[in-house]
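Below is query-v6.txt, which holds compact mmCIF, C-alpha atoms and all ligand atoms.
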```txt
# COMPACT_ATOMS: atom_id res chain seq x y z
CA MET A 27 -0.53 20.45 7.26
CA TYR A 28 1.19 18.58 10.04
CA SER A 29 4.67 19.93 9.48
CA GLN A 30 3.99 23.40 10.86
CA GLY A 31 5.07 23.97 14.41
CA LEU A 32 6.88 20.69 14.91
CA ILE A 33 9.36 21.14 17.66
CA ASN A 34 11.04 17.83 17.94
CA SER A 35 11.12 16.18 14.57
CA ASP A 36 14.83 16.87 14.21
CA THR A 37 15.75 16.95 17.85
CA GLN A 38 18.86 14.84 18.34
CA ILE A 39 19.22 13.57 21.84
CA GLU A 40 21.51 11.01 23.31
CA GLU A 41 19.59 7.77 23.22
CA SER A 42 20.45 6.35 26.60
CA GLN A 43 19.05 2.98 27.66
CA GLU A 44 16.79 4.86 30.06
CA PHE A 45 15.36 6.93 27.20
CA LEU A 46 14.83 3.85 25.01
CA ASP A 47 13.15 1.96 27.87
CA ALA A 48 10.86 4.90 28.63
CA PHE A 49 9.89 5.08 24.92
CA GLN A 50 9.21 1.33 24.82
CA ALA A 51 7.08 1.64 27.96
CA ARG A 52 4.89 4.23 26.20
CA ILE A 53 4.50 1.86 23.25
CA ASP A 54 3.71 -1.07 25.53
CA ALA A 55 1.07 1.05 27.27
CA GLU A 56 -0.54 1.61 23.82
CA GLU A 57 0.10 5.37 23.94
CA LYS A 58 0.15 7.03 20.53
CA ILE A 59 3.43 8.66 19.54
CA GLU A 60 2.78 12.10 18.05
CA PRO A 61 4.91 14.30 15.78
CA ASN A 62 6.08 16.61 18.58
CA ASP A 63 7.25 13.73 20.77
CA VAL A 64 10.94 12.92 21.02
CA MET A 65 11.47 9.49 19.47
CA PRO A 66 14.42 7.20 18.76
CA GLN A 67 15.97 7.93 15.38
CA ALA A 68 15.58 4.27 14.40
CA TYR A 69 11.82 4.42 15.09
CA LYS A 70 11.54 7.49 12.88
CA LYS A 71 13.63 5.86 10.15
CA MET A 72 11.49 2.71 10.22
CA LEU A 73 8.33 4.79 9.87
CA VAL A 74 9.66 7.00 7.07
CA ARG A 75 10.75 3.88 5.16
CA GLN A 76 7.38 2.15 5.46
CA ILE A 77 5.16 5.22 5.03
CA ALA A 78 7.15 6.40 1.99
CA GLN A 79 6.98 2.99 0.31
CA HIS A 80 3.29 2.87 1.11
CA ALA A 81 2.67 6.37 -0.32
CA HIS A 82 4.59 5.55 -3.50
CA SER A 83 2.59 2.33 -3.87
CA GLU A 84 -0.71 4.20 -3.73
CA ILE A 85 0.44 6.72 -6.34
CA VAL A 86 2.07 4.18 -8.67
CA GLY A 87 -0.95 1.95 -8.04
CA MET A 88 -3.12 4.47 -9.92
CA LEU A 89 -1.37 3.58 -13.17
CA PRO A 90 -2.45 -0.02 -13.91
CA GLU A 91 -6.13 0.79 -13.35
CA GLY A 92 -5.95 4.33 -14.77
CA ASN A 93 -4.94 2.59 -17.99
CA TRP A 94 -8.51 1.24 -18.30
CA VAL A 95 -10.59 4.33 -17.47
CA THR A 96 -11.13 5.21 -21.14
CA ARG A 97 -12.04 1.61 -21.99
CA ALA A 98 -14.53 0.85 -19.20
CA PRO A 99 -17.49 -0.99 -20.77
CA SER A 100 -20.25 1.23 -19.30
CA LEU A 101 -20.78 4.64 -17.72
CA ARG A 102 -21.42 3.00 -14.34
CA ARG A 103 -18.15 1.06 -14.48
CA LYS A 104 -16.26 4.14 -15.65
CA ALA A 105 -17.62 6.29 -12.79
CA ALA A 106 -16.70 3.66 -10.20
CA LEU A 107 -13.21 3.16 -11.64
CA LEU A 108 -12.54 6.91 -11.85
CA ALA A 109 -13.60 7.33 -8.22
CA LYS A 110 -11.41 4.43 -7.14
CA VAL A 111 -8.32 5.71 -8.93
CA GLN A 112 -8.87 9.16 -7.42
CA ASP A 113 -9.20 7.58 -3.97
CA GLU A 114 -5.80 5.93 -4.40
CA GLY A 115 -4.30 9.33 -5.26
CA GLY A 116 -5.85 10.71 -2.07
CA HIS A 117 -4.33 7.86 -0.04
CA GLY A 118 -0.91 8.73 -1.41
CA LEU A 119 -1.37 12.34 -0.34
CA TYR A 120 -2.44 11.47 3.25
CA LEU A 121 0.60 9.24 3.48
CA TYR A 122 3.03 11.86 2.16
CA SER A 123 1.52 14.22 4.76
CA ALA A 124 2.09 11.62 7.48
CA ALA A 125 5.71 11.29 6.31
CA GLU A 126 6.08 15.08 6.44
CA THR A 127 5.35 15.00 10.17
CA LEU A 128 8.62 13.08 10.46
CA GLY A 129 10.56 15.82 8.71
CA VAL A 130 10.75 14.46 5.16
CA SER A 131 9.10 16.42 2.38
CA ARG A 132 6.91 15.13 -0.43
CA GLU A 133 9.40 16.63 -2.93
CA GLU A 134 12.27 14.63 -1.42
CA LEU A 135 10.27 11.43 -1.47
CA THR A 136 9.05 11.98 -5.02
CA GLU A 137 12.61 12.60 -6.17
CA GLN A 138 13.55 9.23 -4.69
CA LEU A 139 10.67 7.60 -6.56
CA VAL A 140 11.31 9.13 -9.97
CA THR A 141 15.04 8.45 -9.80
CA GLY A 142 14.33 4.79 -9.07
CA LYS A 143 15.86 4.86 -5.55
CA ALA A 144 12.60 4.23 -3.70
CA LYS A 145 10.63 1.02 -3.49
CA PHE A 146 6.94 0.63 -4.25
CA SER A 147 4.80 -2.46 -3.87
CA SER A 148 5.76 -5.42 -6.05
CA ILE A 149 2.14 -5.80 -7.16
CA PHE A 150 2.17 -2.65 -9.30
CA ASN A 151 4.94 -4.04 -11.47
CA TYR A 152 2.49 -6.25 -13.34
CA PRO A 153 0.53 -5.20 -16.46
CA THR A 154 -3.27 -4.95 -16.75
CA LEU A 155 -3.98 -6.95 -19.90
CA SER A 156 -7.78 -7.16 -19.93
CA TRP A 157 -10.85 -5.50 -18.42
CA ALA A 158 -11.14 -8.45 -16.00
CA ASP A 159 -7.84 -7.34 -14.45
CA ILE A 160 -9.72 -4.33 -13.03
CA GLY A 161 -12.01 -6.74 -11.17
CA ALA A 162 -9.06 -8.86 -10.05
CA ILE A 163 -7.17 -5.82 -8.71
CA GLY A 164 -10.15 -4.56 -6.71
CA TRP A 165 -10.97 -8.00 -5.34
CA LEU A 166 -7.46 -9.32 -4.68
CA VAL A 167 -5.10 -6.35 -4.45
CA ASP A 168 -7.44 -4.12 -2.45
CA GLY A 169 -8.48 -7.21 -0.48
CA ALA A 170 -4.84 -7.85 0.42
CA ALA A 171 -4.31 -4.15 1.15
CA ILE A 172 -7.23 -4.14 3.62
CA MET A 173 -5.92 -7.25 5.39
CA ASN A 174 -2.56 -5.52 5.79
CA GLN A 175 -3.87 -2.06 6.62
CA ILE A 176 -6.66 -2.69 9.14
CA PRO A 177 -4.02 -3.52 11.79
CA LEU A 178 -2.13 -0.35 10.77
CA CYS A 179 -5.12 1.66 12.10
CA ARG A 180 -3.68 0.67 15.50
CA CYS A 181 -0.10 1.57 14.58
CA SER A 182 1.76 3.33 17.41
CA TYR A 183 2.43 6.45 15.32
CA GLY A 184 -0.66 8.68 15.48
CA PRO A 185 -0.66 10.37 12.05
CA TYR A 186 -0.11 7.04 10.22
CA ALA A 187 -2.76 5.25 12.26
CA ARG A 188 -5.34 8.00 11.70
CA ALA A 189 -4.66 8.17 7.95
CA MET A 190 -5.30 4.42 7.74
CA ILE A 191 -8.85 4.68 9.11
CA ARG A 192 -10.21 6.51 6.11
CA VAL A 193 -7.97 4.60 3.71
CA CYS A 194 -9.40 1.28 4.94
CA LYS A 195 -12.99 2.46 4.55
CA GLU A 196 -12.28 3.38 0.94
CA GLU A 197 -10.32 0.18 0.24
CA SER A 198 -13.31 -1.75 1.48
CA PHE A 199 -15.51 -0.11 -1.17
CA HIS A 200 -12.81 -0.86 -3.76
CA GLN A 201 -12.71 -4.52 -2.81
CA ARG A 202 -16.47 -4.85 -3.16
CA GLN A 203 -16.61 -3.15 -6.55
CA GLY A 204 -13.80 -5.45 -7.75
CA TYR A 205 -15.51 -8.58 -6.49
CA GLU A 206 -18.85 -7.50 -7.96
CA LEU A 207 -17.15 -6.92 -11.32
CA MET A 208 -15.57 -10.40 -11.18
CA MET A 209 -18.93 -11.89 -10.22
CA SER A 210 -20.60 -10.27 -13.25
CA LEU A 211 -17.93 -11.66 -15.58
CA ALA A 212 -17.96 -15.08 -13.94
CA GLN A 213 -21.74 -15.27 -14.42
CA GLY A 214 -21.60 -13.85 -17.95
CA THR A 215 -20.81 -15.56 -21.24
CA GLU A 216 -18.27 -18.39 -21.45
CA LYS A 217 -15.74 -15.93 -22.87
CA GLN A 218 -16.30 -13.46 -20.02
CA LYS A 219 -15.87 -16.25 -17.49
CA GLN A 220 -12.60 -17.23 -19.15
CA MET A 221 -11.41 -13.62 -18.93
CA ALA A 222 -12.18 -13.59 -15.20
CA GLN A 223 -10.36 -16.91 -14.68
CA ASP A 224 -7.36 -15.70 -16.69
CA ALA A 225 -7.16 -12.52 -14.58
CA LEU A 226 -7.34 -14.58 -11.36
CA ASN A 227 -4.59 -16.87 -12.71
CA ARG A 228 -2.26 -13.93 -13.31
CA TRP A 229 -3.04 -11.85 -10.18
CA TRP A 230 -3.29 -14.58 -7.52
CA TRP A 231 0.40 -15.22 -6.83
CA PRO A 232 1.52 -11.58 -7.07
CA SER A 233 -1.28 -10.74 -4.55
CA VAL A 234 -0.07 -13.48 -2.20
CA MET A 235 3.46 -12.05 -2.50
CA MET A 236 2.31 -8.52 -1.63
CA PHE A 237 2.50 -9.38 2.06
CA GLY A 238 6.29 -9.48 1.81
CA PRO A 239 8.89 -12.19 2.37
CA HIS A 240 8.42 -15.19 4.66
CA ASP A 241 8.80 -14.22 8.30
CA ALA A 242 12.21 -15.87 8.46
CA GLU A 243 13.40 -13.56 5.63
CA SER A 244 11.72 -10.40 6.90
CA THR A 245 14.36 -7.89 8.01
CA HIS A 246 12.08 -5.46 9.81
CA SER A 247 9.19 -7.46 11.28
CA ASP A 248 10.63 -8.14 14.76
CA GLN A 249 11.55 -4.55 15.52
CA SER A 250 8.48 -3.17 13.79
CA MET A 251 6.26 -5.40 15.92
CA ARG A 252 8.09 -4.45 19.13
CA TRP A 253 7.32 -0.84 18.28
CA LYS A 254 3.74 -1.78 17.39
CA ILE A 255 4.02 -0.37 13.89
CA LYS A 256 3.17 -3.78 12.46
CA ARG A 257 0.77 -5.87 14.55
CA PHE A 258 0.99 -9.13 12.61
CA THR A 259 3.77 -10.85 10.72
CA ASN A 260 3.82 -11.10 6.92
CA ASP A 261 2.97 -14.82 6.97
CA ASP A 262 0.09 -14.36 9.43
CA LEU A 263 -1.54 -11.72 7.24
CA ARG A 264 -0.92 -13.77 4.08
CA GLN A 265 -2.67 -16.74 5.71
CA LYS A 266 -5.64 -14.61 6.76
CA PHE A 267 -5.93 -13.28 3.21
CA ILE A 268 -5.88 -16.77 1.68
CA ASN A 269 -8.45 -18.04 4.20
CA ALA A 270 -10.80 -15.15 3.41
CA THR A 271 -10.38 -15.22 -0.38
CA VAL A 272 -10.61 -18.91 -1.27
CA PRO A 273 -14.35 -19.19 -0.36
CA GLN A 274 -15.02 -16.00 -2.34
CA ALA A 275 -13.51 -17.63 -5.44
CA THR A 276 -15.53 -20.80 -4.87
CA PHE A 277 -18.71 -18.74 -4.52
CA ILE A 278 -18.31 -17.29 -8.02
CA ASP A 279 -17.10 -20.63 -9.40
CA LEU A 280 -13.54 -19.53 -10.20
CA LYS A 281 -10.52 -21.67 -9.45
CA ILE A 282 -7.51 -20.47 -7.47
CA PRO A 283 -4.41 -21.42 -9.52
CA ASP A 284 -2.76 -23.52 -6.80
CA LYS A 285 -2.96 -27.31 -7.05
CA ASP A 286 -1.65 -27.69 -3.47
CA LEU A 287 -4.38 -25.56 -1.93
CA ARG A 288 -6.38 -27.51 0.65
CA TRP A 289 -8.12 -26.93 3.93
CA ASN A 290 -6.13 -27.99 6.99
CA ASP A 291 -8.34 -28.73 10.01
CA ASP A 292 -5.42 -28.56 12.44
CA LYS A 293 -4.51 -24.98 11.65
CA GLU A 294 -8.05 -24.02 10.65
CA GLY A 295 -6.71 -22.51 7.46
CA TYR A 296 -5.62 -23.42 3.95
CA ASP A 297 -2.28 -24.99 3.12
CA HIS A 298 -0.91 -23.52 -0.09
CA GLY A 299 1.72 -24.34 -2.67
CA PRO A 300 5.24 -22.86 -2.80
CA ILE A 301 5.63 -19.15 -3.50
CA ASP A 302 8.08 -18.18 -6.23
CA TRP A 303 10.42 -16.08 -4.10
CA ALA A 304 12.91 -15.70 -6.94
CA GLU A 305 10.20 -13.85 -8.89
CA PHE A 306 9.31 -11.74 -5.83
CA TRP A 307 12.91 -10.60 -5.16
CA ASN A 308 13.51 -9.93 -8.83
CA VAL A 309 10.49 -7.60 -8.84
CA VAL A 310 11.49 -5.97 -5.53
CA LYS A 311 14.95 -5.26 -6.98
CA GLY A 312 13.30 -3.20 -9.72
CA ASN A 313 13.20 -5.76 -12.53
CA GLY A 314 9.43 -6.27 -12.64
CA PRO A 315 7.73 -6.44 -16.08
CA MET A 316 6.35 -2.89 -15.81
CA ALA A 317 9.02 -1.35 -13.53
CA ARG A 318 10.50 0.97 -16.10
CA ASP A 319 7.10 2.11 -17.46
CA ARG A 320 5.84 2.93 -13.97
CA ILE A 321 8.85 5.11 -13.12
CA THR A 322 8.79 6.78 -16.53
CA ALA A 323 5.09 7.63 -16.15
CA ARG A 324 5.62 9.12 -12.67
CA LYS A 325 8.64 11.09 -13.84
CA LYS A 326 6.68 12.51 -16.78
CA ALA A 327 3.81 13.54 -14.48
CA TRP A 328 6.24 15.12 -11.98
CA ASP A 329 8.15 17.03 -14.69
CA GLU A 330 5.02 18.19 -16.48
CA GLY A 331 3.49 19.33 -13.18
CA GLU A 332 6.42 21.56 -12.31
CA TRP A 333 4.78 24.72 -13.61
CA VAL A 334 1.68 23.99 -11.47
CA ARG A 335 3.83 23.65 -8.35
CA ASP A 336 5.73 26.82 -9.24
CA ALA A 337 2.47 28.74 -9.79
CA ALA A 338 1.04 27.49 -6.48
CA HIS A 339 4.21 28.52 -4.61
CA ALA A 340 4.22 31.95 -6.30
CA TYR A 341 0.54 32.46 -5.38
CA ALA A 342 1.15 31.41 -1.76
CA GLU A 343 4.12 33.78 -1.58
CA LYS A 344 2.01 36.64 -2.99
CA ARG A 345 -0.75 36.00 -0.41
CA ARG A 346 1.82 35.88 2.38
CA ALA A 347 3.36 39.21 1.29
CA GLU A 348 -0.12 40.81 1.06
CA LYS A 349 -0.95 39.58 4.55
CA ILE A 350 2.27 40.98 6.01
CA ALA A 351 1.70 44.32 4.24
CA ALA A 352 -1.84 44.55 5.67
CA GLU A 353 -0.69 43.90 9.28
N1 LIG B 1 6.90 -5.02 -2.54
O1 LIG B 1 11.31 -6.76 6.40
P1 LIG B 1 10.17 -6.78 5.44
C1 LIG B 1 -2.27 -0.86 -2.01
C2 LIG B 1 10.64 -5.14 0.98
S1 LIG B 1 -0.96 -0.29 -1.07
C3 LIG B 1 8.10 -4.38 -2.54
O2 LIG B 1 9.12 -7.80 5.66
P2 LIG B 1 8.34 -4.65 6.18
C4 LIG B 1 -3.47 0.02 -2.22
C5 LIG B 1 10.62 -4.25 2.21
O3 LIG B 1 10.30 -2.93 1.87
C6 LIG B 1 0.26 -1.57 -1.18
N2 LIG B 1 9.00 -4.49 -1.52
O4 LIG B 1 9.53 -5.31 5.34
C7 LIG B 1 -3.87 0.02 -3.62
C8 LIG B 1 12.03 -4.45 2.72
O5 LIG B 1 12.93 -3.67 1.95
P3 LIG B 1 13.76 -2.38 2.59
C9 LIG B 1 1.41 -1.26 -0.34
C10 LIG B 1 8.63 -5.26 -0.48
O6 LIG B 1 8.29 -3.23 5.81
C11 LIG B 1 -4.65 -1.02 -4.13
C12 LIG B 1 12.31 -5.91 2.38
O7 LIG B 1 11.41 -6.25 1.33
N3 LIG B 1 1.07 -1.45 1.04
O8 LIG B 1 -2.15 -1.94 -2.46
C13 LIG B 1 7.40 -5.93 -0.42
O9 LIG B 1 8.44 -5.00 7.63
C14 LIG B 1 -5.03 -1.01 -5.49
C15 LIG B 1 12.12 -6.84 3.58
O10 LIG B 1 10.73 -6.94 3.94
C16 LIG B 1 1.87 -1.01 2.02
O11 LIG B 1 2.89 -0.42 1.77
C17 LIG B 1 6.52 -5.80 -1.51
N4 LIG B 1 5.33 -6.41 -1.57
O12 LIG B 1 7.03 -5.39 5.61
C18 LIG B 1 -3.45 1.04 -4.46
C19 LIG B 1 1.39 -1.25 3.43
N5 LIG B 1 7.35 -6.63 0.74
O13 LIG B 1 12.74 -1.34 2.96
C20 LIG B 1 -3.84 1.05 -5.80
C21 LIG B 1 2.36 -0.80 4.47
C22 LIG B 1 8.53 -6.39 1.39
O14 LIG B 1 14.52 -2.89 3.78
C23 LIG B 1 -4.63 0.03 -6.31
N6 LIG B 1 3.56 -1.58 4.46
N7 LIG B 1 9.29 -5.59 0.64
O15 LIG B 1 14.64 -1.92 1.44
C24 LIG B 1 3.73 -2.75 5.15
O16 LIG B 1 2.83 -3.22 5.80
C25 LIG B 1 5.09 -3.40 5.12
O17 LIG B 1 6.02 -2.43 4.68
C26 LIG B 1 5.16 -4.67 4.24
C27 LIG B 1 6.62 -5.19 4.27
C28 LIG B 1 4.26 -5.75 4.80
C29 LIG B 1 4.78 -4.36 2.79
```

Write the structure described by the file as structure tokens, please.
Amino acid sequence: MYSQGLINSDTQIEESQEFLDAFQARIDAEEKIEPNDVMPQAYKKMLVRQIAQHAHSEIVGMLPEGNWVTRAPSLRRKAALLAKVQDEGGHGLYLYSAAETLGVSREELTEQLVTGKAKFSSIFNYPTLSWADIGAIGWLVDGAAIMNQIPLCRCSYGPYARAMIRVCKEESFHQRQGYELMMSLAQGTEKQKQMAQDALNRWWWPSVMMFGPHDAESTHSDQSMRWKIKRFTNDDLRQKFINATVPQATFIDLKIPDKDLRWNDDKEGYDHGPIDWAEFWNVVKGNGPMARDRITARKKAWDEGEWVRDAAHAYAEKRRAEKIAAE
């Protein structure tokens, strides 16, 4: 919807210091950058990279939970899970639309995903082994996503910032349904409580890693923050997430699997144990436990949907020809 009538998305201009300073001044004044504005190529590239990875994550993120729709234990749980998974699909589509405003098509981006060239969030490389994992994903993964995405509502690029407003409202519902599911299990039978604890044990560290590498290892944070795409560093958001989530675990009598976790009065936050960065980078490089399955599933869906895309294009073409003939 955004891509029609863009005048400047491919405009190449000489990026003099004066031009770059004037662009930075707009950012510093908290002006929104819109699709028709001339922007530095590096700003555009940074946005396409992040928005594309984000879109892919939402779409691939439908798979681990979609896996449990047919096995939800009640109609109420099934309806909530179906709605959640559909929401994630919607988020992917808003984000592909936002990327389109920067001159890159959904087809191009999907090709990069299904050929394994594109990244998606590390978290969706892990398997969902029990029903409790659905609670853990809503509580922890959507909880982490909200922490990361609320500041993106103030991102300097208008279409991305606006897409995030609705996304965050929906993620907030997802987080609550996940936490409520975990609470039910934690207050259920001993076996149900064990399932909840086991899911927390497996999803805690991958959720903590979702925020990306330590600030010292983060390639893009400095520039991204200067351009007000990101508003907080990876470590700052990770700390906020841990501070918010630990009391929630205590409230439902589950134990965070980190023996070094303790409150630190000086920083008014929790200290935590070491993060397994070797595991994180291995997953980011495409070697996660479910990496191949995720790409295979997306490729199958893309290939099997080809006739639908062809039919939609043919119909649009027919309508366009009819309209021209009637003029
Ligand atoms: N996984 O320099 P930085 C969701 C890569 S949506 C994989 O710190 P940046 C909703 C990074 O791309 C979840 N790769 O990068 C949902 C870069 O590689 P590159 C997704 C990662 O961009 C819930 C390199 O490491 N959310 O959960 C990860 O400044 C439930 C260096 O890193 C978003 O995408 C990672 N975790 O900061 C759906 C939010 N972390 O590109 C279904 C928007 C880093 O140079 C069910 N994105 N890398 O090859 C962001 O906020 C940022 O892109 C960060 C990374 C914070 C993810």

Problem set entry | Within 7 Å of ligand LIG 1 (chain B) (all atoms listed in the file), residues as JSON, numbers by chain | {"A": [75, 76, 77, 79, 80, 83, 84, 87, 88, 114, 145, 146, 147, 148, 149, 163, 164, 167, 168, 171, 174, 175, 235, 236, 237, 238, 239, 241, 244, 245, 246, 247, 250, 256, 260, 310]}

For this session: Name the residues in contact with range 322-325 of chain A at a cut-off of 7 Å, using all atoms listed in the file, excluding same-chain residues fewer than 4 positions from it; report them as a PyMOL selection string.
Result: chain A and resi 140+318+329

With C-alpha atoms kept, could you save the residues just selected as a PDB file, in the frame of the given file?
```
ATOM      1  CA  VAL A 140      11.310   9.130  -9.970  1.00  0.00           C
ATOM      2  CA  ARG A 318      10.500   0.970 -16.100  1.00  0.00           C
ATOM      3  CA  ASP A 329       8.150  17.030 -14.690  1.00  0.00           C
TER       4      ASP A 329
END
```

For this session: Tell me which protein, DNA and RNA residues are within 12 Å of Ile321 in chain A, counting all atoms listed in the file, leaving out same-chain ones fewer than 2 positions away, and put them as number ranges by chain.
Result: A: 82-83, 85-87, 89, 136-146, 150-151, 312-319, 323-328

Problem set entry | d(CA of Pro153 in chain A, CA of Glu91 in chain A) in Å | 9.5 Å

For this session: Rounded to one decimal place, report the CA of Asn93 in chain A-CA of Gln203 in chain A distance in Å.
Result: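 So the two atoms, CA of Asn93 in chain A and CA of Gln203 in chain A, lie 17.3 Å apart.
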
Exercise. Leaving out range 47-53 of chain A and any residue of its chain fewer than 6 positions from it, which residues lie within 7 Å of it when counting all atoms listed in the file, given as number ranges by chain?
Worked result: A: 182, 253-254

Exercise. Between A:Gly169, A:Leu155, A:Gln220, A:Gly116, which one has atoms that come closest to Arg192 in chain A, using all atoms listed in the file?
Worked result: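 Closest residue, counting all atoms listed in the file: A:Gly116.
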
Problem set entry | Among the residues A:Trp165, A:Ser156, A:Met209, A:Ser233, the one that comes closest to Met221 in chain A [using only C-alpha atoms] |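 Smallest separation from Met221 in chain A among the options: A:Ser156.
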